[in-house]
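Note: the block below is coords35.cif and it holds mmCIF, C-alpha atoms.
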```
data_final
loop_
_atom_site.label_atom_id
_atom_site.label_comp_id
_atom_site.auth_asym_id
_atom_site.auth_seq_id
_atom_site.Cartn_x
_atom_site.Cartn_y
_atom_site.Cartn_z
CA MET A 1 2.39 -15.04 -46.04
CA SER A 2 3.06 -18.59 -45.08
CA ALA A 3 6.58 -19.39 -43.89
CA GLN A 4 8.53 -21.85 -46.00
CA PRO A 5 10.19 -24.62 -43.99
CA MET A 6 13.92 -23.89 -44.00
CA HIS A 7 15.94 -26.42 -45.93
CA ILE A 8 18.74 -28.01 -43.90
CA HIS A 9 21.09 -30.52 -45.40
CA PRO A 10 20.87 -33.88 -43.57
CA TYR A 11 24.63 -33.84 -42.75
CA GLU A 12 24.36 -30.42 -41.22
CA ARG A 13 21.30 -31.45 -39.23
CA ASN A 14 23.07 -34.54 -37.94
CA TRP A 15 25.99 -32.44 -36.74
CA MET A 16 23.64 -29.96 -35.09
CA VAL A 17 21.89 -32.77 -33.24
CA PHE A 18 25.27 -34.25 -32.30
CA SER A 19 26.53 -30.95 -30.82
CA ALA A 20 23.30 -30.44 -28.90
CA VAL A 21 23.56 -33.95 -27.45
CA MET A 22 27.23 -33.35 -26.48
CA LEU A 23 26.25 -30.11 -24.77
CA VAL A 24 23.54 -31.81 -22.71
CA LEU A 25 25.87 -34.73 -21.95
CA PHE A 26 28.69 -32.51 -20.66
CA ALA A 27 26.34 -30.31 -18.65
CA THR A 28 24.94 -33.46 -17.02
CA ALA A 29 28.42 -34.85 -16.36
CA VAL A 30 29.55 -31.61 -14.71
CA SER A 31 26.39 -31.41 -12.59
CA VAL A 32 26.68 -35.03 -11.47
CA ALA A 33 30.38 -34.55 -10.67
CA ALA A 34 29.72 -31.38 -8.70
CA PHE A 35 26.57 -32.27 -6.80
CA GLY A 36 26.43 -36.06 -6.88
CA MET A 37 30.05 -37.01 -6.32
CA GLY A 38 31.01 -33.94 -4.34
CA ILE A 39 34.04 -33.01 -6.43
CA GLN A 40 35.72 -29.98 -4.94
CA VAL A 41 37.35 -27.30 -6.98
CA PRO A 42 40.48 -25.88 -5.35
CA ALA A 43 39.16 -22.38 -4.85
CA PRO A 44 41.28 -19.57 -3.46
CA GLU A 45 40.60 -19.85 0.24
CA GLN A 46 41.92 -16.54 1.45
CA ARG A 47 44.33 -13.74 0.62
CA VAL A 48 47.66 -13.24 2.30
CA ASP A 49 50.59 -10.89 1.84
CA PRO A 50 53.30 -12.93 0.05
CA ARG A 51 56.06 -10.61 1.30
CA ILE A 52 55.52 -11.55 4.92
CA VAL A 53 53.68 -14.87 4.72
CA ALA A 54 56.84 -16.87 5.48
CA THR A 55 58.24 -14.58 8.17
CA ASP A 56 55.31 -13.03 10.09
CA PRO A 57 55.06 -14.90 13.42
CA ASN A 58 51.24 -14.67 13.18
CA SER A 59 51.31 -16.64 9.93
CA PRO A 60 50.91 -20.43 10.04
CA TRP A 61 53.38 -20.64 7.13
CA SER A 62 56.15 -19.23 9.32
CA ASN A 63 56.03 -22.71 10.83
CA PRO A 64 54.91 -24.86 7.89
CA GLY A 65 54.03 -28.50 8.44
CA LEU A 66 51.42 -30.92 9.60
CA ARG A 67 49.03 -30.32 12.49
CA GLU A 68 46.61 -32.89 13.87
CA VAL A 69 43.39 -30.94 14.34
CA SER A 70 41.50 -33.90 15.77
CA PRO A 71 42.10 -37.66 15.61
CA GLY A 72 42.57 -38.64 11.96
CA LYS A 73 42.08 -35.10 10.69
CA TYR A 74 45.07 -33.00 9.71
CA ASP A 75 45.90 -29.54 8.41
CA ALA A 76 49.01 -29.32 6.27
CA TYR A 77 50.40 -25.81 5.78
CA ILE A 78 52.76 -25.97 2.84
CA LEU A 79 54.93 -23.13 1.57
CA ALA A 80 56.29 -23.23 -1.97
CA HIS A 81 59.21 -20.96 -2.78
CA ALA A 82 61.98 -20.40 -5.33
CA ILE A 83 64.20 -18.31 -3.05
CA PRO A 84 66.75 -19.33 -1.77
CA VAL A 85 66.16 -22.69 -3.49
CA TRP A 86 63.24 -24.26 -5.30
CA GLU A 87 61.44 -26.38 -2.74
CA TYR A 88 58.34 -27.04 -0.70
CA LEU A 89 58.37 -26.63 3.06
CA PRO A 90 58.03 -29.16 4.55
CA LYS A 91 59.61 -31.62 2.13
CA GLU A 92 57.98 -34.65 3.71
CA ILE A 93 54.91 -35.34 5.79
CA THR A 94 53.85 -38.62 7.36
CA VAL A 95 50.25 -39.57 8.18
CA PRO A 96 48.59 -42.89 9.04
CA ALA A 97 46.30 -44.51 6.47
CA GLY A 98 42.71 -43.35 6.63
CA SER A 99 43.64 -39.75 7.51
CA SER A 100 42.00 -36.82 5.84
CA VAL A 101 44.44 -34.00 5.21
CA SER A 102 43.49 -30.42 4.33
CA PHE A 103 46.28 -28.79 2.34
CA TYR A 104 46.73 -25.03 2.64
CA VAL A 105 49.33 -24.08 0.08
CA THR A 106 50.75 -20.68 -0.74
CA SER A 107 53.86 -19.19 -2.31
CA SER A 108 56.16 -16.49 -1.00
CA ASP A 109 57.58 -15.51 -4.39
CA VAL A 110 56.56 -16.74 -7.85
CA GLN A 111 53.74 -18.91 -9.12
CA HIS A 112 54.07 -22.63 -8.51
CA GLY A 113 51.94 -25.70 -8.96
CA PHE A 114 50.96 -28.47 -6.57
CA LYS A 115 50.07 -31.93 -7.77
CA ILE A 116 49.88 -34.99 -5.57
CA GLN A 117 50.56 -38.12 -7.59
CA ASP A 118 47.87 -40.83 -7.60
CA THR A 119 45.24 -38.45 -6.22
CA ASN A 120 43.01 -35.90 -7.92
CA ALA A 121 44.81 -32.98 -6.19
CA ASN A 122 46.35 -30.63 -8.72
CA PHE A 123 46.19 -26.86 -8.37
CA MET A 124 48.02 -23.62 -8.87
CA VAL A 125 49.94 -22.00 -6.04
CA ILE A 126 49.64 -18.27 -6.49
CA PRO A 127 51.55 -15.74 -4.38
CA GLY A 128 49.05 -13.81 -2.27
CA GLN A 129 46.42 -16.54 -2.37
CA VAL A 130 45.92 -19.71 -0.40
CA SER A 131 44.70 -22.81 -2.19
CA LYS A 132 42.90 -25.38 -0.09
CA LEU A 133 41.96 -28.95 -0.86
CA THR A 134 41.11 -31.89 1.38
CA ILE A 135 42.32 -35.38 0.46
CA LYS A 136 41.65 -38.64 2.26
CA PHE A 137 44.53 -41.12 2.12
CA ASN A 138 43.21 -44.65 2.44
CA LYS A 139 46.00 -46.67 0.81
CA PRO A 140 49.44 -46.78 2.47
CA GLY A 141 52.37 -45.76 0.29
CA THR A 142 54.37 -42.76 -0.82
CA TYR A 143 52.60 -39.98 -2.65
CA ASN A 144 54.95 -37.44 -4.18
CA TYR A 145 53.88 -33.87 -4.65
CA ILE A 146 55.46 -32.05 -7.54
CA CYS A 147 55.50 -28.58 -9.02
CA THR A 148 53.46 -28.43 -12.22
CA GLU A 149 54.00 -24.82 -13.22
CA TYR A 150 57.33 -23.74 -14.65
CA CYS A 151 58.85 -21.53 -11.96
CA GLY A 152 62.51 -21.13 -12.92
CA SER A 153 65.64 -23.18 -13.42
CA GLY A 154 65.05 -25.29 -10.31
CA HIS A 155 61.52 -26.26 -11.30
CA GLY A 156 62.53 -29.87 -11.96
CA ILE A 157 63.89 -30.47 -8.46
CA MET A 158 60.83 -29.08 -6.73
CA TYR A 159 59.03 -31.95 -5.07
CA GLY A 160 58.08 -33.45 -1.73
CA ALA A 161 56.44 -36.60 -0.42
CA ILE A 162 53.48 -37.67 1.68
CA ILE A 163 54.19 -40.96 3.39
CA VAL A 164 51.06 -42.85 4.35
CA THR A 165 51.88 -45.49 6.92
CA PRO A 166 49.64 -48.52 7.39
CA MET B 1 -0.92 -19.52 -32.34
CA ASN B 2 1.24 -22.43 -31.27
CA LYS B 3 4.28 -20.70 -32.77
CA TYR B 4 3.68 -17.55 -30.70
CA LEU B 5 3.37 -19.66 -27.59
CA LEU B 6 6.62 -21.43 -28.37
CA ASN B 7 8.45 -18.15 -29.03
CA GLY B 8 7.08 -16.79 -25.81
CA LEU B 9 8.38 -19.82 -23.95
CA TYR B 10 11.83 -19.38 -25.51
CA ALA B 11 11.83 -15.71 -24.55
CA LEU B 12 10.79 -16.54 -20.99
CA PHE B 13 13.57 -19.12 -20.74
CA ALA B 14 16.13 -16.64 -22.11
CA ILE B 15 15.01 -13.96 -19.66
CA LEU B 16 15.31 -16.40 -16.77
CA ILE B 17 18.85 -17.33 -17.79
CA ILE B 18 19.82 -13.67 -18.24
CA LEU B 19 18.34 -12.80 -14.84
CA ALA B 20 20.29 -15.63 -13.19
CA PHE B 21 23.53 -14.47 -14.82
CA ALA B 22 22.84 -10.84 -13.86
CA PHE B 23 22.15 -11.89 -10.27
CA LYS B 24 25.44 -13.80 -10.09
CA LEU B 25 27.37 -11.03 -11.84
CA PHE B 26 26.10 -7.97 -9.98
CA GLN B 27 25.36 -9.73 -6.68
CA PRO B 28 22.67 -7.33 -5.44
CA ILE B 29 22.55 -9.23 -2.15
CA LYS B 30 25.64 -10.53 -0.39
CA VAL B 31 25.54 -13.17 2.32
CA LEU B 32 27.95 -15.13 4.45
CA PRO B 33 28.20 -18.82 3.55
CA ARG B 34 26.64 -21.43 5.81
CA MET B 35 29.83 -23.37 6.41
CA GLN B 36 28.85 -26.09 8.86
CA LEU B 37 27.08 -26.62 12.15
CA ALA B 38 28.92 -25.26 15.15
CA PRO B 39 29.63 -27.91 17.77
CA ALA B 40 27.40 -28.28 20.79
CA PHE B 41 29.31 -27.84 24.02
CA ASN B 42 29.14 -27.67 27.77
CA LEU B 43 31.84 -25.54 29.39
CA THR B 44 32.54 -23.83 32.70
CA ASP B 45 33.07 -20.09 32.55
CA GLN B 46 35.17 -17.70 34.65
CA ASN B 47 32.42 -17.44 37.29
CA ASP B 48 32.25 -21.22 37.65
CA ALA B 49 28.89 -21.09 35.86
CA ARG B 50 27.78 -23.46 33.12
CA LEU B 51 28.09 -22.21 29.57
CA THR B 52 26.36 -24.27 26.92
CA SER B 53 25.89 -23.77 23.21
CA GLU B 54 22.12 -23.83 23.74
CA GLU B 55 22.00 -20.62 25.76
CA LEU B 56 23.75 -18.81 22.90
CA ARG B 57 20.96 -19.48 20.41
CA GLY B 58 19.64 -16.29 18.86
CA LYS B 59 22.88 -14.41 19.42
CA PHE B 60 25.88 -13.91 17.20
CA VAL B 61 28.93 -15.41 18.87
CA LEU B 62 32.58 -14.76 18.12
CA TYR B 63 34.86 -17.50 19.40
CA ASN B 64 38.59 -17.64 19.81
CA PHE B 65 40.88 -20.18 21.41
CA THR B 66 43.90 -19.56 23.56
CA TYR B 67 45.43 -20.19 26.99
CA VAL B 68 46.29 -17.82 29.79
CA ASN B 69 50.03 -18.55 29.81
CA CYS B 70 50.36 -17.75 26.11
CA PRO B 71 53.39 -15.46 25.90
CA ALA B 72 52.43 -11.88 24.99
CA PRO B 73 51.44 -10.58 22.48
CA CYS B 74 49.93 -14.02 21.75
CA TYR B 75 48.97 -13.47 18.11
CA ASN B 76 47.12 -10.20 18.98
CA LEU B 77 44.04 -12.29 19.77
CA ASN B 78 42.84 -10.16 22.69
CA LYS B 79 43.54 -6.96 20.78
CA THR B 80 41.26 -8.09 17.96
CA MET B 81 38.51 -9.15 20.39
CA GLN B 82 38.71 -5.80 22.17
CA GLU B 83 38.71 -3.87 18.92
CA VAL B 84 35.61 -5.67 17.66
CA GLN B 85 33.92 -5.14 21.02
CA SER B 86 34.59 -1.40 21.03
CA ARG B 87 33.54 -0.94 17.41
CA LEU B 88 30.31 -2.97 17.60
CA SER B 89 28.14 0.10 16.96
CA GLU B 90 29.63 0.31 13.45
CA ALA B 91 27.99 -3.00 12.57
CA GLN B 92 24.42 -1.64 13.09
CA LEU B 93 23.16 -4.73 14.77
CA GLY B 94 19.86 -3.30 16.02
CA ASP B 95 18.56 -5.46 18.83
CA ILE B 96 20.72 -8.47 17.96
CA GLN B 97 23.13 -9.38 20.73
CA VAL B 98 26.73 -10.38 20.22
CA GLU B 99 28.71 -12.52 22.64
CA PHE B 100 32.44 -13.07 22.73
CA ILE B 101 33.73 -16.37 23.99
CA THR B 102 37.33 -17.33 24.56
CA ILE B 103 37.81 -21.05 25.08
CA SER B 104 40.97 -22.10 26.90
CA PHE B 105 42.55 -25.40 25.90
CA ASP B 106 44.64 -25.56 29.06
CA PRO B 107 42.15 -26.71 31.74
CA ASP B 108 44.98 -27.91 34.04
CA ARG B 109 46.10 -24.36 34.74
CA ASP B 110 43.15 -22.25 33.61
CA SER B 111 40.71 -22.79 36.47
CA PRO B 112 37.72 -20.42 36.71
CA THR B 113 39.69 -18.27 39.20
CA VAL B 114 42.64 -17.97 36.85
CA LEU B 115 40.31 -17.15 33.98
CA ARG B 116 38.56 -14.47 36.06
CA THR B 117 41.87 -12.86 37.02
CA TYR B 118 42.91 -12.99 33.37
CA ALA B 119 39.64 -11.41 32.21
CA ASP B 120 40.12 -8.60 34.72
CA SER B 121 43.75 -8.11 33.76
CA ILE B 122 42.93 -7.45 30.11
CA GLY B 123 40.03 -5.21 31.13
CA SER B 124 37.28 -7.13 29.38
CA ASP B 125 33.57 -6.56 29.93
CA THR B 126 32.80 -10.06 31.24
CA LYS B 127 29.04 -9.69 30.65
CA GLN B 128 29.65 -9.75 26.93
CA TRP B 129 32.98 -11.55 26.80
CA ARG B 130 33.22 -14.84 28.64
CA PHE B 131 36.17 -17.14 29.22
CA ALA B 132 35.49 -20.84 29.49
CA THR B 133 37.03 -24.28 29.47
CA ASN B 134 36.24 -27.89 30.31
CA THR B 135 38.32 -30.20 32.49
CA ASN B 136 37.52 -33.16 30.22
CA LYS B 137 40.42 -32.88 27.79
CA ALA B 138 39.10 -35.40 25.26
CA LEU B 139 35.83 -33.48 25.08
CA LEU B 140 37.70 -30.21 24.74
CA LYS B 141 39.68 -31.63 21.81
CA THR B 142 36.43 -32.71 20.18
CA ILE B 143 34.90 -29.26 20.64
CA ILE B 144 37.86 -27.18 19.48
CA GLY B 145 39.55 -29.64 17.10
CA SER B 146 36.68 -31.46 15.39
CA GLY B 147 34.00 -28.83 16.01
CA PHE B 148 35.73 -25.51 15.39
CA GLU B 149 38.52 -27.09 13.29
CA THR B 150 41.22 -25.27 15.17
CA TYR B 151 44.57 -26.89 15.83
CA TYR B 152 46.22 -26.91 19.26
CA GLU B 153 48.68 -29.27 20.84
CA ASP B 154 50.11 -29.63 24.32
CA LYS B 155 53.87 -29.25 24.06
CA GLY B 156 54.45 -29.99 27.76
CA GLU B 157 55.55 -27.71 30.62
CA GLY B 158 52.53 -25.47 30.14
CA LYS B 159 53.37 -24.63 26.55
CA PHE B 160 50.94 -25.05 23.67
CA ALA B 161 51.32 -24.86 19.92
CA PHE B 162 48.22 -23.58 18.14
CA ASP B 163 46.99 -21.75 15.09
CA PRO B 164 45.22 -18.48 15.89
CA SER B 165 41.65 -18.37 14.67
CA PHE B 166 38.31 -16.66 15.19
CA VAL B 167 35.00 -18.33 14.39
CA LEU B 168 31.75 -16.44 13.86
CA VAL B 169 28.56 -18.39 14.61
CA ASP B 170 25.05 -17.11 13.91
CA GLY B 171 21.89 -17.37 16.02
CA TRP B 172 20.98 -20.73 14.50
CA GLY B 173 24.25 -22.27 15.57
CA ILE B 174 25.78 -22.31 12.08
CA VAL B 175 29.40 -21.33 11.45
CA ARG B 176 29.30 -18.37 9.05
CA ALA B 177 32.92 -17.22 8.94
CA GLU B 178 36.35 -18.32 10.06
CA TYR B 179 39.34 -16.04 10.35
CA ARG B 180 42.68 -17.75 10.04
CA TYR B 181 45.44 -15.30 9.28
CA HIS B 182 44.71 -12.60 6.77
CA ALA B 183 47.48 -10.10 6.26
CA GLU B 184 45.64 -7.74 3.92
CA VAL B 185 42.62 -6.51 5.85
CA SER B 186 42.70 -6.77 9.63
CA ASP B 187 40.54 -9.47 11.17
CA ALA B 188 38.69 -6.83 13.21
CA ASP B 189 37.67 -4.96 10.06
CA ARG B 190 36.42 -8.12 8.43
CA ILE B 191 34.55 -9.29 11.53
CA ILE B 192 32.75 -5.94 11.85
CA ARG B 193 31.77 -6.05 8.17
CA HIS B 194 30.58 -9.63 8.43
CA LEU B 195 28.53 -8.89 11.55
CA SER B 196 26.67 -6.17 9.69
CA VAL B 197 26.09 -8.42 6.65
CA LEU B 198 24.74 -11.11 8.96
CA ALA B 199 22.50 -8.69 10.87
CA GLU B 200 21.10 -7.39 7.60
CA GLU B 201 20.25 -10.92 6.50
CA VAL B 202 18.52 -11.67 9.79
CA ARG B 203 16.48 -8.43 9.59
CA ASN B 204 15.56 -8.49 5.89
CA SER B 205 15.29 -12.15 5.07
CA THR B 206 11.51 -12.45 5.48
CA GLY B 207 8.67 -13.00 3.00
CA THR B 208 9.64 -12.58 -0.65
CA ALA B 209 13.04 -11.18 0.27
CA LYS B 210 13.83 -14.53 1.86
CA LEU B 211 13.77 -16.10 -1.61
CA ALA B 212 16.29 -13.50 -2.83
CA TYR B 213 18.54 -14.29 0.13
CA GLU B 214 18.26 -18.02 -0.56
CA ALA B 215 19.16 -17.29 -4.20
CA ALA B 216 22.23 -15.40 -2.97
CA HIS B 217 23.23 -18.52 -1.01
CA LEU B 218 22.58 -20.71 -4.05
CA PHE B 219 24.64 -18.49 -6.39
CA LEU B 220 27.44 -18.15 -3.82
CA CYS B 221 27.13 -14.35 -3.58
CA TYR B 222 29.52 -14.19 -0.65
CA ALA B 223 30.65 -11.02 1.05
CA PRO B 224 34.45 -10.68 0.95
#
```
How would this structure read if it were set down as structure tokens?
Amino acid sequence: MSAQPMHIHPYERNWMVFSAVMLVLFATAVSVAAFGMGIQVPAPEQRVDPRIVATDPNSPWSNPGLREVSPGKYDAYILAHAIPVWEYLPKEITVPAGSSVSFYVTSSDVQHGFKIQDTNANFMVIPGQVSKLTIKFNKPGTYNYICTEYCGSGHGIMYGAIIVTP
Amino acid sequence: MNKYLLNGLYALFAILIILAFAFKLFQPIKVLPRMQLAPAFNLTDQNDARLTSEELRGKFVLYNFTYVNCPAPCYNLNKTMQEVQSRLSEAQLGDIQVEFITISFDPDRDSPTVLRTYADSIGSDTKQWRFATNTNKALLKTIIGSGFETYYEDKGEGKFAFDPSFVLVDGWGIVRAEYRYHAEVSDADRIIRHLSVLAEEVRNSTGTAKLAYEAAHLFLCYAP
């Protein structure tokens, strides 16, 4: 028995080809972004206990803020919380231009977001997890960081700023 | 005939993809990530002897960073080191040696004599656990700050601010794990588990099994 060639309408075939091309295109774009351009995904870095993360003296978030690890390289431990008020600790950090800053962000109560304007940093802040992302600030200016996940009535006032000095 | 060949190729491709997914999903082999190269260094230990990164090749090394005048309990750093030291047999290391190195970032006060007294006072086995520093402060900052990515800062009057951390380096001089504040599982528990994972990789990763271990690295099958 010889197999009959299946009849496919030209429109349908065009769409099938189009979807296949899109698939290959996106897979290539993702691969190039990941391996070629070194785009980092803000992965959960480690697990912490949200009940004590802000108070335990062993915890770096009991003393949130900026630390200069080596010249031009900083760690920023940032705590997001809704209790007693909606805010980030610290509210403001200042670094010279050209610095690379690793943000370690966690929450001591509910879920928050963390987006730094004019950069590609934007991630969730989940209680019990630490999100880490490294950003290099080359251009002087003020970069606000804002909460991007609705976290209660004070969500709108939850922001801070990174001041990059020349 | 050509059709069978083509179908066979499709099937082979599908099996390969399924195998890759299964490997990622079930993670039959778990490894520790190769994070970065550990810094090379040249320090002076508590016996006034030279301690370089080269002589530690082939051994697993657990580093921490502190200073002698750190007010007790000083982040429980010594307690964790001692606990790991006393529980080493749990890690089933075979003939692989483990060294513990505490680097002081206060060379002004922590001379070899002070370090030796300190080592004795906490009852450490100084053959396996060495205390070292370097009087060149810029170099020390490069080793601890840039190399081990650990923050410390001189706050004056013999006081330092720092973030407690442990760094595990393998026999090739590659950083395989960093421990910076975990409240859920104690650092000692995690270090012991990681040492045994690392020892298993060193023992088994030969011949064909080496490919499986490399695949585990490629698919990010990391031990928690």
**Q.** Evaluate the PyMOL selection byres ((chain A) within 10 of (chain B)) and report residues as a ChimeraX atom specification
**A.** /A:46-53,56-61,67-75,128
Q.
Could you list, as an MDAnalysis selection string, every residue within 9 Å of Gly156 in chain A, counting all atoms listed in the file and ignoring same-chain residues fewer than 5 positions away?
A. chainID A and resid 86 146:147 150
Q. Which of these residues is nearest to Ile191 in chain B, using all atoms listed in the file: B:Leu32, B:Ala38, B:Leu51, B:Leu139?
A.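 Closest to Ile191 in chain B, using all atoms listed in the file: B:Leu32.
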Q | Given the PyMOL selection byres ((chain B and resi 132) around 6), the residues it picks as a list of chain:residue names | A |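 After applying the PyMOL selection byres ((chain B and resi 132) around 6), what remains is B:Leu43, B:Thr44, B:Asp45, B:Ile103, B:Phe131, B:Thr133.
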Q: Give me, please, the distance in Å between CA of Lys137 in chain B and CA of Val169 in chain B, quoted to one decimal.
A: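 About the pair CA of Lys137 in chain B and CA of Val169 in chain B: they are 22.9 Å apart.
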Q: Select, from B:Tyr4, B:Phe23, B:Phe60, B:Phe13, the residue with the minimum atom-to-atom distance to Ala212 in chain B, counting only C-alpha atoms.
A: B:Phe23
Q: Would you mind reading off the distance between CA of Arg190 in chain B and CA of Leu88 in chain B, one decimal, in Å?
A: 12.2 Å
Can you list, as a CSV table (one decimal) with C-alpha atoms, in the coordinates of the input, every protein, DNA or RNA residue that comes within 6 Å of Gly113 in chain A when you count all atoms listed in the file, leaving out same-chain residues fewer than 3 positions away?
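Written file, selection-v8.csv:
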```csv
chain,number,residue,atom,x,y,z
A,123,PHE,CA,46.2,-26.9,-8.4
A,124,MET,CA,48.0,-23.6,-8.9
A,125,VAL,CA,49.9,-22.0,-6.0
A,147,CYS,CA,55.5,-28.6,-9.0
A,148,THR,CA,53.5,-28.4,-12.2
A,149,GLU,CA,54.0,-24.8,-13.2
```
Q. So which residues touch Ala121 in chain A within 9 Å, counting only C-alpha atoms, skipping near sequence neighbours fewer than 4 positions away, as a list in words?
A. Pro42, Phe114, Lys115, Ile116, Gln117, Leu133, Thr134 and Ile135 of chain A
